Amino acid sequence: GMAAADVTLSGSGRFGIVYNSALDGAGQSKTKIEKRMTINVDGTGSTDTGLDFGGRIRLRSDEGDAASSAASANVWMGNDMFRITVGNTEGALVNRIGYFQGSIGLTGLHWANVSFNMGSASRFILNTYSSRGNAGDVVRLDFNVGGFGVSLSSDSTGDHLSNGSEDGIAISYNFGDWNVAAGFAKNANNSAVSATERDMFSLSAAGNIGDFGVGIQYSDLEDVASKVVLNGEYDFGQTTVAAFVAHTDEDTVGSAGIGAAGEETEYGIGFTHSLGGAVLAGGISRNYTDETMADLGVRFNF
Amino acid sequence: GMAAADVTLSGSGRFGIVYNSALDGAGQSKTKIEKRMTINVDGTGSTDTGLDFGGRIRLRSDEGDAASSAASANVWMGNDMFRITVGNTEGALVNRIGYFQGSIGLTGLHWANVSFNMGSASRFILNTYSSRGNAGDVVRLDFNVGGFGVSLSSDSTGDHLSNGSEDGIAISYNFGDWNVAAGFAKNANNSAVSATERDMFSLSAAGNIGDFGVGIQYSDLEDVASKVVLNGEYDFGQTTVAAFVAHTDEDTVGSAGIGAAGEETEYGIGFTHSLGGAVLAGGISRNYTDETMADLGVRFNF
Amino acid sequence: GMAAADVTLSGSGRFGIVYNSALDGAGQSKTKIEKRMTINVDGTGSTDTGLDFGGRIRLRSDEGDAASSAASANVWMGNDMFRITVGNTEGALVNRIGYFQGSIGLTGLHWANVSFNMGSASRFILNTYSSRGNAGDVVRLDFNVGGFGVSLSSDSTGDHLSNGSEDGIAISYNFGDWNVAAGFAKNANNSAVSATERDMFSLSAAGNIGDFGVGIQYSDLEDVASKVVLNGEYDFGQTTVAAFVAHTDEDTVGSAGIGAAGEETEYGIGFTHSLGGAVLAGGISRNYTDETMADLGVRFNF
């Protein structure tokens, strides 16, 4: 029989206002207008023998952009138990671990809830799908049996160079409303020199206790810092309130760029309110430099 | 109930030949081949409570391009009476005023029919949707009641900078086959320095007298020039003939870059002929430097 | 009646591994991961009078890309007998001649099977549709009557410059399972100076003898070299095996950058195996520098 295949479009939009207390210099404005549009172009199909395959190209436009971006693609093949994904895609850790638990507001603000973001030294260093560019030529293998899953990944695979690569392994387990995950990335900072390689270890757990959702994450980046994040959310009717608190400990004072104390607490709170097809969202967060960000706006999917 | 949302594609193409008498230097050719393809990617949806929302990314390819462009997006939300649009979109004036009345030919040629185009000093300075880039992070509010409409807009909103912005207001009124509109833009030239800000005032009217369509526009750019444009068109069967005449008066001789006389008349004439799903189009125009452009070709929508 | 028009999406993906013996320097790796995704955005329609029209923009992402590319568009109009295509499209020769007969493997490897690729001096110099950029503003006319076809093309048409252009003519004839074609390109190397213009002549034939497919191509580039390519393929069940052998003769020793001998033989062999909706493909090829490439992977359409 003939195999099925199709290209489909989906996406989302959002707009609102963002405040950032850090932008208080001459000629600067603490507020700006936020705008984002995303279009996903997804090709999918399956073989007669039951293998699924596909690929994605994402178009993305943010405020301030001179043009929309078209992210590098990922392509994949597999079935319920095994999948290989190649290209612009999450590494093993970001695929399994709940790093984005506790994300708040319209835009995520400081993204201080992400445990691999530590001070100024470690910002989104793990292989993460790029909506505008390329995560870095990742190859990731996913295995899933029952609620148990394992992912393996390596990056920097798409050129004829023997350069440094982030190599990761992560496992996850789902049971009822709960998920736990752990992972290890060798050379998480993608250093070309082995002496300056930094390994990362992370774990996360999340679940529901009655009407409350709760989560915890922990990451440790070798010789830099460790960070723990607690988050919770509560739904009442059309409105959800979410909050997090995060604490970073530098391995040595200044190793993560935090400053004198060598440790810092960050926190944030936000809400979403359903408009029945669109969402009103907002939040406020405080980061390791004691600066404040806040946002408010609407987002919608199509 | 579940809200509706979808992503749809539409677009257009054209090709033909363009003549420009100005390109007569060594190694130049007065003619070239014209080619354009446009694809609109539109996400749209609506909430349970009757608010519509959406966004657009446009792909565009012209002759001579090394690649197709993806314009920055706009996103919007509203209903029949009120809408907010954020991003790459027309400012208030371009949204309400009939600046493009009297456009001729396959390509628009010199665009001398646009009253805000005055000599060399003022070319498309107002916030206008960019098919390849970004109008400049515009926020526009539109209000419509009966045939009456008001738009407000500001640009340069998408960054944390307190830079110069074009701030505009425009009103329009539709009655039967007629439309009248007027608008004012503060700092139409988007100057960062208040001393060199130039305000613009424009008005337009258009309608039908029997089988004739007629229009008038007027724009005044502070300290530069004013321009009035008259246009008309007549349909006979599958063919439409359109023409315009425009007159620019410099505020001081040379203030718009016209030259010695301080005033200039521009004009053009064109036609379209329906092929029943595609259109044959052509035209000829003469600009303020007494150069001639002409074009001929086909265009079609999909 | 209303004319029909639509925008449709289609595409393909592939991934695998590529080996290249040439990349054996310090810090280099002979292997890399291959990844490609292609999306075609096709607008099409027809007039009441039976003329078809359309246009294409292609999105493309390969391994190593910082972002996906959007190729420059082509637009076209015509019917069964005549068509004009303008923009990023094949020239007359590439449109008619079987240059890609004998392509092997997942990726094409050295593309040594393409008769216009001669040594290092001539690599893809003919106007060829670019999946990432622009073939060079081509205008091509195609005429088809019965099995007989003629194409004419010129490039560099999209600017107001009197620069060098490749001007080509090619003819083809189909009878049963067989196709023969021949073509001539003036200034195939697109030189701006007439003294260094190089003309190219090519011919090809291909067809089936029982379960065997066979083909031959020949190209001669003035003052550079000539190249002949023989290819064959055989289907057994879900598997196809394909191979080619190519021989290049330099006009003078070194004129094509081959080296001391002034002539070189290249060859390759590959296979595809149907997975019922996807294809497993691989191959190995040896080029004029005696380097070896090999690949293996899967590809699929959607």
# chains A, B, ... in the order shown; residues from 1 in each chain; ligands from 1
call {"tool": "select_by_dssp", "arguments": {"residues": "segment 93-182 of chain A", "states": "strand (DSSP E or B)", "output": "ChimeraX atom specification"}}
result
/A:118,122,138-145,148-154,161,167-175,178-182
call {"tool": "residues_around", "arguments": {"residues": "segment 175-183 of chain C", "least_positions_apart": "3", "cutoff": "12 Å", "atoms": "only C-alpha atoms", "output": "PyMOL selection string"}}
result
chain C and resi 91-99+101+116+126+146-153+167-172+186+188+199-220
call {"tool": "closest_residue", "arguments": {"among": "A:Gly259, A:Tyr19, A:His247, A:Gly232", "to": "Leu109 of chain A", "atoms": "only C-alpha atoms"}}
result
A:Tyr19
call {"tool": "interface_residues", "arguments": {"of": "chain A", "to": "chain C", "cutoff": "10 Å", "atoms": "only C-alpha atoms", "output": "number ranges by chain"}}
result
A: 1-9, 41-59, 69-77, 84-88, 130-139, 156-163
call {"tool": "atom_distance", "arguments": {"atom1": "atom CA of His110 of chain A", "atom2": "atom CA of Asp251 of chain A"}}
result
22.1 Å
